[in-house]
2 protein chains.
Amino acid sequence: MNINKSCSNNPNYRQQQFEQNCPIEYTMALIGSKWSIAILRELLKGDRRTHELAEALPGISSKTLTLRLRTLEKHGIIRRKVYPEIPPHVEYSLTEKGRELQPAIAILKQVGQRLLSQEEAFRPLKVNSEVTQRKEA
Amino acid sequence: MNINKSCSNNPNYRQQQFEQNCPIEYTMALIGSKWSIAILRELLKGDRRTHELAEALPGISSKTLTLRLRTLEKHGIIRRKVYPEIPPHVEYSLTEKGRELQPAIAILKQVGQRLLSQEEAFRPLKVNSEVTQRKEA
DNA sequence: CAGGATCCCGTACGATACTG
DNA sequence: CAGTATCGTACGGGATCCTG
């Protein structure tokens, strides 16, 4: 596991350029930016036109939407189909490769649920640094 | 699944403050920032002193390291033990809650490996937008 | 309708000191 | 050794306007 070493001392973390070697960084580059997962979740439900995505993701800016879509496309995660009509018609769909992200997204959700429930249960949520006596003394 | 709706139109994504409801956002708040996973992976190997972490994570600044550690601690992911000695001695360890992040990290790695191998296999890596004829016509 | 071009801002992170 | 304080920067992302 050379991941700790090679992974994160990388200024371009979560950018188009990443360490090229670290699988974790690669995944994070795909799903780590703000709207990526939301877009992917939407496309997991089915193909979507641009404005359908925009409407399903209230708050996203058109700039960010296209930027994320371009990046995902670049990595072969989604496919972009242009129907040369007027008005324009563009449809996005997940590729097979893109569907492989689903388990990752699912786990992120599962783990989050478990951790959230624990957070509610104990309600510490504040720094509870312990001061301990010397280890051996 | 109200996640798309509630999840990501949130300006504080991946910050200490998050939507409080979305599990995915919560997980991303924990592991989404640059050095989080690297730190967690190191602590998964065993308890670590501050400088041990710093040395294992070449490139991280002391500021960022402590910031990440504080955040993780705040969420009950790690534990901070202070041995009041001179020179100071602080030791970090994963909590039980923190260990639950391991499967997520593992999946991120697995998925990344699979996707990376496909990337090498096909080497498209460029935008290959298709222009298609009208759907029905 | 899809999306490019600008302008702007918050902030996460790095570099570099400096303390107890 | 562990951590804070300060300063500077890059960049992700929002808002707005504009085009084919």
# chains A, B, ... in the order shown; residues from 1 in each chain; ligands from 1
$ residues_around --residues "Arg79 in chain A" --least-positions-apart "2" --cutoff "10 Å" --atoms "only C-alpha atoms (C1' of nucleotides)" --output "PyMOL selection string"
(chain A and resi 47+69-70+72-77+81-82+91-96+98) or (chain B and resi 127-130)
$ interface_residues --of "chain D" --to "chain A" --cutoff "12 Å" --atoms "only C-alpha atoms (C1' of nucleotides)" --output "mmCIF file with C-alpha atoms (C1' of nucleotides), in the first residue's frame"
data_model
loop_
_atom_site.group_PDB
_atom_site.id
_atom_site.type_symbol
_atom_site.label_atom_id
_atom_site.label_comp_id
_atom_site.auth_asym_id
_atom_site.auth_seq_id
_atom_site.Cartn_x
_atom_site.Cartn_y
_atom_site.Cartn_z
ATOM 1 C "C1'" DA D 10 -5.535 28.839 -6.242
ATOM 2 C "C1'" DC D 11 -9.602 27.390 -7.511
ATOM 3 C "C1'" DG D 12 -14.235 25.554 -7.176
ATOM 4 C "C1'" DG D 13 -18.313 27.359 -7.698
ATOM 5 C "C1'" DG D 14 -22.131 31.087 -7.998
ATOM 6 C "C1'" DA D 15 -24.368 34.974 -10.635
ATOM 7 C "C1'" DT D 16 -25.111 37.178 -14.731
ATOM 8 C "C1'" DG D 20 -26.442 29.732 -31.944
#
$ residues_around --residues "DC17 in chain D" --least-positions-apart "2" --cutoff "12 Å" --atoms "only C-alpha atoms (C1' of nucleotides)" --output "CSV table (one decimal) with N, CA and C atoms (P, O5', C5', C4', C3', O3' and C1' of nucleotides), in the first residue's frame"
chain,number,residue,atom,x,y,z
C,4,DG,P,-19.6,24.6,-23.3
C,4,DG,O5',-18.7,25.9,-23.7
C,4,DG,C5',-18.8,26.5,-25.0
C,4,DG,C4',-18.8,28.0,-24.8
C,4,DG,C3',-17.7,28.6,-24.0
C,4,DG,O3',-17.0,29.6,-24.8
C,4,DG,C1',-19.8,29.5,-23.4
C,5,DA,P,-15.6,30.1,-24.3
C,5,DA,O5',-16.1,31.5,-23.7
C,5,DA,C5',-17.0,32.4,-24.3
C,5,DA,C4',-17.0,33.7,-23.6
C,5,DA,C3',-15.8,34.0,-22.8
C,5,DA,O3',-15.5,35.4,-22.9
C,5,DA,C1',-17.6,34.0,-21.4
C,6,DT,P,-14.1,36.0,-22.4
C,6,DT,O5',-14.6,37.0,-21.3
C,6,DT,C5',-15.6,36.5,-20.3
C,6,DT,C4',-16.1,37.7,-19.5
C,6,DT,C3',-15.1,38.2,-18.5
C,6,DT,O3',-15.3,39.5,-18.2
C,6,DT,C1',-16.9,37.1,-17.4
C,7,DC,P,-14.2,40.4,-17.4
C,7,DC,O5',-14.9,40.4,-15.9
C,7,DC,C5',-16.2,40.8,-15.8
C,7,DC,C4',-16.7,40.5,-14.4
C,7,DC,C3',-15.6,40.7,-13.3
C,7,DC,O3',-16.1,41.6,-12.3
C,7,DC,C1',-16.6,38.6,-13.0
D,15,DA,P,-26.3,31.6,-7.1
D,15,DA,O5',-25.9,32.9,-8.0
D,15,DA,C5',-25.1,33.9,-7.4
D,15,DA,C4',-25.0,35.1,-8.4
D,15,DA,C3',-26.3,35.3,-9.3
D,15,DA,O3',-26.6,36.7,-9.4
D,15,DA,C1',-24.4,35.0,-10.6
D,19,DT,P,-24.6,38.5,-27.9
D,19,DT,O5',-24.6,37.0,-28.6
D,19,DT,C5',-23.3,36.4,-28.8
D,19,DT,C4',-23.5,34.9,-29.1
D,19,DT,C3',-24.4,34.6,-30.3
D,19,DT,O3',-23.7,33.9,-31.2
D,19,DT,C1',-25.1,33.3,-28.4
$ atom_distance --atom1 "CA of Ser117 in chain B" --atom2 "CA of Pro23 in chain A"
9.7 Å
$ closest_atom_pairs --of "chain C" --to "chain A" --cutoff "8 Å" --atoms "only C-alpha atoms (C1' of nucleotides)" --output "JSON lines"
{"residue": "C:DC1", "atom": "C1'", "partner": "A:Pro88", "partner_atom": "CA", "distance": 5.3}
{"residue": "C:DA2", "atom": "C1'", "partner": "A:Pro88", "partner_atom": "CA", "distance": 6.2}
{"residue": "C:DG3", "atom": "C1'", "partner": "A:Thr66", "partner_atom": "CA", "distance": 7.2}
$ write_last_selection --atoms "N, CA and C atoms (P, O5', C5', C4', C3', O3' and C1' of nucleotides)" --output "short mmCIF file (atom, residue, chain, number, x, y, z; two decimals), in the first residue's frame"
data_model
loop_
_atom_site.label_atom_id
_atom_site.label_comp_id
_atom_site.auth_asym_id
_atom_site.auth_seq_id
_atom_site.Cartn_x
_atom_site.Cartn_y
_atom_site.Cartn_z
P DC C 1 -36.62 25.64 -22.66
"O5'" DC C 1 -35.36 24.85 -23.20
"C5'" DC C 1 -35.59 23.73 -24.05
"C4'" DC C 1 -34.25 23.31 -24.58
"C3'" DC C 1 -33.23 23.08 -23.48
"O3'" DC C 1 -32.51 21.89 -23.79
"C1'" DC C 1 -32.45 24.77 -24.98
P DA C 2 -31.57 21.24 -22.74
"O5'" DA C 2 -30.14 21.75 -23.21
"C5'" DA C 2 -29.66 21.33 -24.47
"C4'" DA C 2 -28.32 21.96 -24.78
"C3'" DA C 2 -27.28 21.80 -23.66
"O3'" DA C 2 -26.07 21.38 -24.25
"C1'" DA C 2 -27.54 24.09 -24.23
P DG C 3 -24.82 21.12 -23.34
"O5'" DG C 3 -24.16 22.55 -23.27
"C5'" DG C 3 -23.52 23.06 -24.43
"C4'" DG C 3 -23.03 24.44 -24.13
"C3'" DG C 3 -22.11 24.53 -22.88
"O3'" DG C 3 -21.00 25.34 -23.19
"C1'" DG C 3 -23.68 26.17 -22.83
#
$ closest_residue --among "A:Ile31, A:Tyr83, A:Arg68, A:Ala106" --to "chain B" --atoms "only C-alpha atoms"
A:Tyr83
